[in-house]
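Trainee: Sharing a structure, written as structure tokens. Questions coming.
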Amino acid sequence: MSRLPSIYADPALYDLVHAEGTDDEVWLLTRLAEIHGCGIKTALEPACGTGRYLAGLLRRSWTVEGYDLAPGMLAFTRKRLAGWGKRVKLARGEMSSYRPKRRFGLIFNVLSTFRHLMSEREALAHLKLMAGALEPGGIFILGLDLSIYGQDQPDEEVYECRQGGRTAKHVVMSLPAEPETRRELIINFVTTPKGKKDSVLESSYDLRSYSAAELAELIGKSPLRIEAVYGYDGKDAVLDGPERALWLVLKARAG
Ligand SMILES: C[S@@+](CC[C@H](N)C(=O)[O-])C[C@H]1O[C@@H](n2cnc3c(N)ncnc32)[C@H](O)[C@@H]1O
């Protein structure tokens with residue numbers, strides 16, 4: 001695992017730059033659970049960050065559990081979800097070792113967060129732990145961006161972000177991974193107005209890359225199988241098709 005990016009030490013800022021679209025994603029999570037799941041409205045989010053998805057699920061009558069490695073993220077989420085009582089459980093945990101004490105109808109790990117696990121051993125450990133925490137017929141939604149080695153170009157995207165009265169400009173740059181090292185470099189700049197001057201937070205980190213074939217091979221080694229594949233927009237997709245930002249619906253293999 002690489003050192004945690006500095007933006008994870010500022011949960012309020014993280015939440016501001018990721019607020020837009022959260023409700024739509026929560027809707028999509030619940031829709032996919034209705035289509036592919038087992039009807040049990042319990043959800044687990046590994047690496048839950050600021051709990052923005054958990055809050056949406058609680059509002060839709062789910063019982064939720066989340067864990068995260070960053071103490072600041074957990075403290076923020078505890079405060080955010082404090083009013084929901086026994087329908088929420090939060091814990092400090094690491095994706096490759098946290099073993100939930102119960103089972104869930106829905107587990108989800110989206111936004112390429114799984115790619116923080118920098119080795120095959122850690123990635124497989126996480127998939128095994130999550131497979132073991134699924135209710136019979138439950139689903140694990142894994143959301144991540146795939147690489148095409150040799151074709152991917154350096155990229156830069158700019159987002160104007162707004163939450164309540166706060167605004168920020170979020171610039172996300174990425175340098176493509178090589179198949180030998182499987183490290184994609186992500187560089188974030190978040191600019192927020194502060195008095196007469198702007199404040200800029202820079203945050204750089206590597207994510208482990210996956211081509212479609214590498215991801216299929218990894219899942220093949222795990223106790224999970226691919227049930228369905230969607231784009232981030234909820235449209236049908238295939239693992240090795242043109243769409244590179246995917247939500248995979250995974251289920252535990254029989255036996
Ligand atoms: C991109 S954020 C995603 C947060 C939340 N899931 C969301 O989508 O808004 C990544 C989160 O993963 C956590 N994290 C990174 N590596 C981790 C690990 N190995 N185990 C547990 N949490 C980790 C960070 O602290 C951070 O909160």
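Residue numbering restarts at 1 in every chain; chains get A, B, ... in the order shown in the structure tokens, and ligands count up from 1 in that same order.
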Within 7 Å of stretch 30-43 of chain A, counting only C-alpha atoms, which residues show up once you throw out same-chain ones fewer than 5 positions away? Write them as a list in words, please.
Mentor: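 The residues that qualify are Trp62, Thr63, Val64, Glu65, Phe104, Gly105, Leu106, Ile107, Gly137, Gly138 and Ile139 of chain A.
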Trainee: Around ligand 1, which protein and nucleic acid residues have at least one atom no more than 6 Å from it, if we count only C-alpha atoms and all ligand atoms? List them as a list in words.
Mentor: Met1, Tyr8, Ala47, Cys48, Gly49, Asp68, Leu69, Ala70, Met73, Gly93, Glu94, Met95, Val110, Leu111, Thr113, His116 and Leu117 of chain A
Trainee: Since we have the selection now, will you write its residues out, keeping C-alpha atoms, as a PDB file, in the first residue's frame?
Mentor:
```pdb
ATOM      1  CA  MET A   1       0.000   0.000   0.000  1.00  0.00           C
ATOM      2  CA  TYR A   8      -7.574  12.254   2.499  1.00  0.00           C
ATOM      3  CA  ALA A  47     -12.614   2.539   2.376  1.00  0.00           C
ATOM      4  CA  CYS A  48     -15.794   4.568   2.914  1.00  0.00           C
ATOM      5  CA  GLY A  49     -14.058   7.957   3.075  1.00  0.00           C
ATOM      6  CA  ASP A  68     -11.489   3.284   6.346  1.00  0.00           C
ATOM      7  CA  LEU A  69      -7.786   3.500   7.083  1.00  0.00           C
ATOM      8  CA  ALA A  70      -7.626   7.290   7.540  1.00  0.00           C
ATOM      9  CA  MET A  73     -12.057  10.352   7.295  1.00  0.00           C
ATOM     10  CA  GLY A  93      -9.687  -0.999   8.878  1.00  0.00           C
ATOM     11  CA  GLU A  94      -7.389  -1.828   5.996  1.00  0.00           C
ATOM     12  CA  MET A  95      -8.839  -3.216   2.765  1.00  0.00           C
ATOM     13  CA  VAL A 110     -16.002   2.340  -6.329  1.00  0.00           C
ATOM     14  CA  LEU A 111     -14.011   5.330  -7.651  1.00  0.00           C
ATOM     15  CA  THR A 113     -10.336   2.963  -4.521  1.00  0.00           C
ATOM     16  CA  HIS A 116      -4.878   1.755  -3.784  1.00  0.00           C
ATOM     17  CA  LEU A 117      -3.944  -1.883  -3.134  1.00  0.00           C
TER      18      LEU A 117
END
```
Trainee: Calculate how many Å separate atom CA of A:Val172 from atom CA of A:Pro5, rounding to one decimal.
Mentor: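 Rounded to one decimal, the two atoms are 13.1 Å apart.
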Trainee: May I have a table of the residues of stretch 68-173 of chain A lying at most 9 Å from stretch 226-245 of chain A, giving each one's closest pair of atoms and their distance in Å to one decimal, counting only C-alpha atoms, ordered by chain and ascending residue number, as JSON lines?
Mentor:
```
{"residue": "A:Ile139", "atom": "CA", "partner": "A:Glu227", "partner_atom": "CA", "distance": 8.7}
{"residue": "A:Gly143", "atom": "CA", "partner": "A:Ala245", "partner_atom": "CA", "distance": 7.5}
{"residue": "A:Leu144", "atom": "CA", "partner": "A:Ala245", "partner_atom": "CA", "distance": 5.9}
{"residue": "A:Asp145", "atom": "CA", "partner": "A:Ala245", "partner_atom": "CA", "distance": 4.3}
{"residue": "A:Leu146", "atom": "CA", "partner": "A:Arg244", "partner_atom": "CA", "distance": 5.2}
{"residue": "A:Ser147", "atom": "CA", "partner": "A:Arg244", "partner_atom": "CA", "distance": 7.4}
{"residue": "A:Ile148", "atom": "CA", "partner": "A:Arg244", "partner_atom": "CA", "distance": 8.8}
```
Trainee: When DSSP works through the backbone of this structure, what residues of stretch 43-135 of chain A end up as strand (DSSP E or B), shown as a PyMOL selection string?
Mentor: chain A and resi 43-46+63-68+88-92+104-109+134-135
Trainee: Those same residues, written as a compact mmCIF listing (two decimals), in the first residue's frame with C-alpha atoms?
Mentor:
```
# COMPACT_ATOMS: atom_id res chain seq x y z
CA ALA A 43 -24.52 -2.59 2.75
CA LEU A 44 -20.80 -2.48 3.43
CA GLU A 45 -18.44 0.11 1.97
CA PRO A 46 -14.73 -0.67 2.34
CA THR A 63 -28.51 -0.52 7.26
CA VAL A 64 -24.85 0.24 6.61
CA GLU A 65 -21.32 -0.46 7.70
CA GLY A 66 -18.14 1.29 6.55
CA TYR A 67 -14.48 1.18 7.35
CA ASP A 68 -11.49 3.28 6.35
CA VAL A 88 -24.68 2.44 11.16
CA LYS A 89 -21.45 0.76 12.15
CA LEU A 90 -18.06 2.31 11.43
CA ALA A 91 -14.58 0.98 12.07
CA ARG A 92 -10.95 1.63 11.28
CA PHE A 104 -24.21 -8.00 3.55
CA GLY A 105 -26.62 -7.93 0.62
CA LEU A 106 -24.49 -5.25 -1.06
CA ILE A 107 -20.79 -4.46 -0.82
CA PHE A 108 -19.34 -1.71 -2.98
CA ASN A 109 -15.88 -0.32 -3.62
CA LEU A 134 -21.65 -11.55 1.03
CA GLU A 135 -25.08 -12.90 1.88
```
Trainee: Find the residues around A:Glu217 up to 12 Å (only C-alpha atoms counted), leave out those fewer than 4 positions away in its own chain, and share them as a count of residues only.
Mentor: 13
Trainee: May I have all residues of stretch 54-197 of chain A that DSSP, computed from the backbone, assigns to helix (DSSP H, G or I), given as a PyMOL selection string?
Mentor: chain A and resi 54-59+71-80+82-87+113-116+120-132
Trainee: One number please: atom CA of A:Lys194 to atom CA of A:Arg166, in Å, one decimal.
Mentor: 10.8 Å
Trainee: Leaving out A:Thr181 and any residue of its chain fewer than 6 positions from it, which residues lie within 12 Å of it when counting only C-alpha atoms, given as a list in words?
Mentor: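 Listed by chain and then number, they are Met118, Ser119, Tyr149, Asp206, Leu207, Arg208, Ser209 and Tyr210 of chain A.
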Trainee: Please determine, counting only C-alpha atoms, which residue among A:Arg78, A:Ser112, A:Ile219, A:Asp15 has the shortest atom-to-atom distance to A:His170.
Mentor: A:Asp15
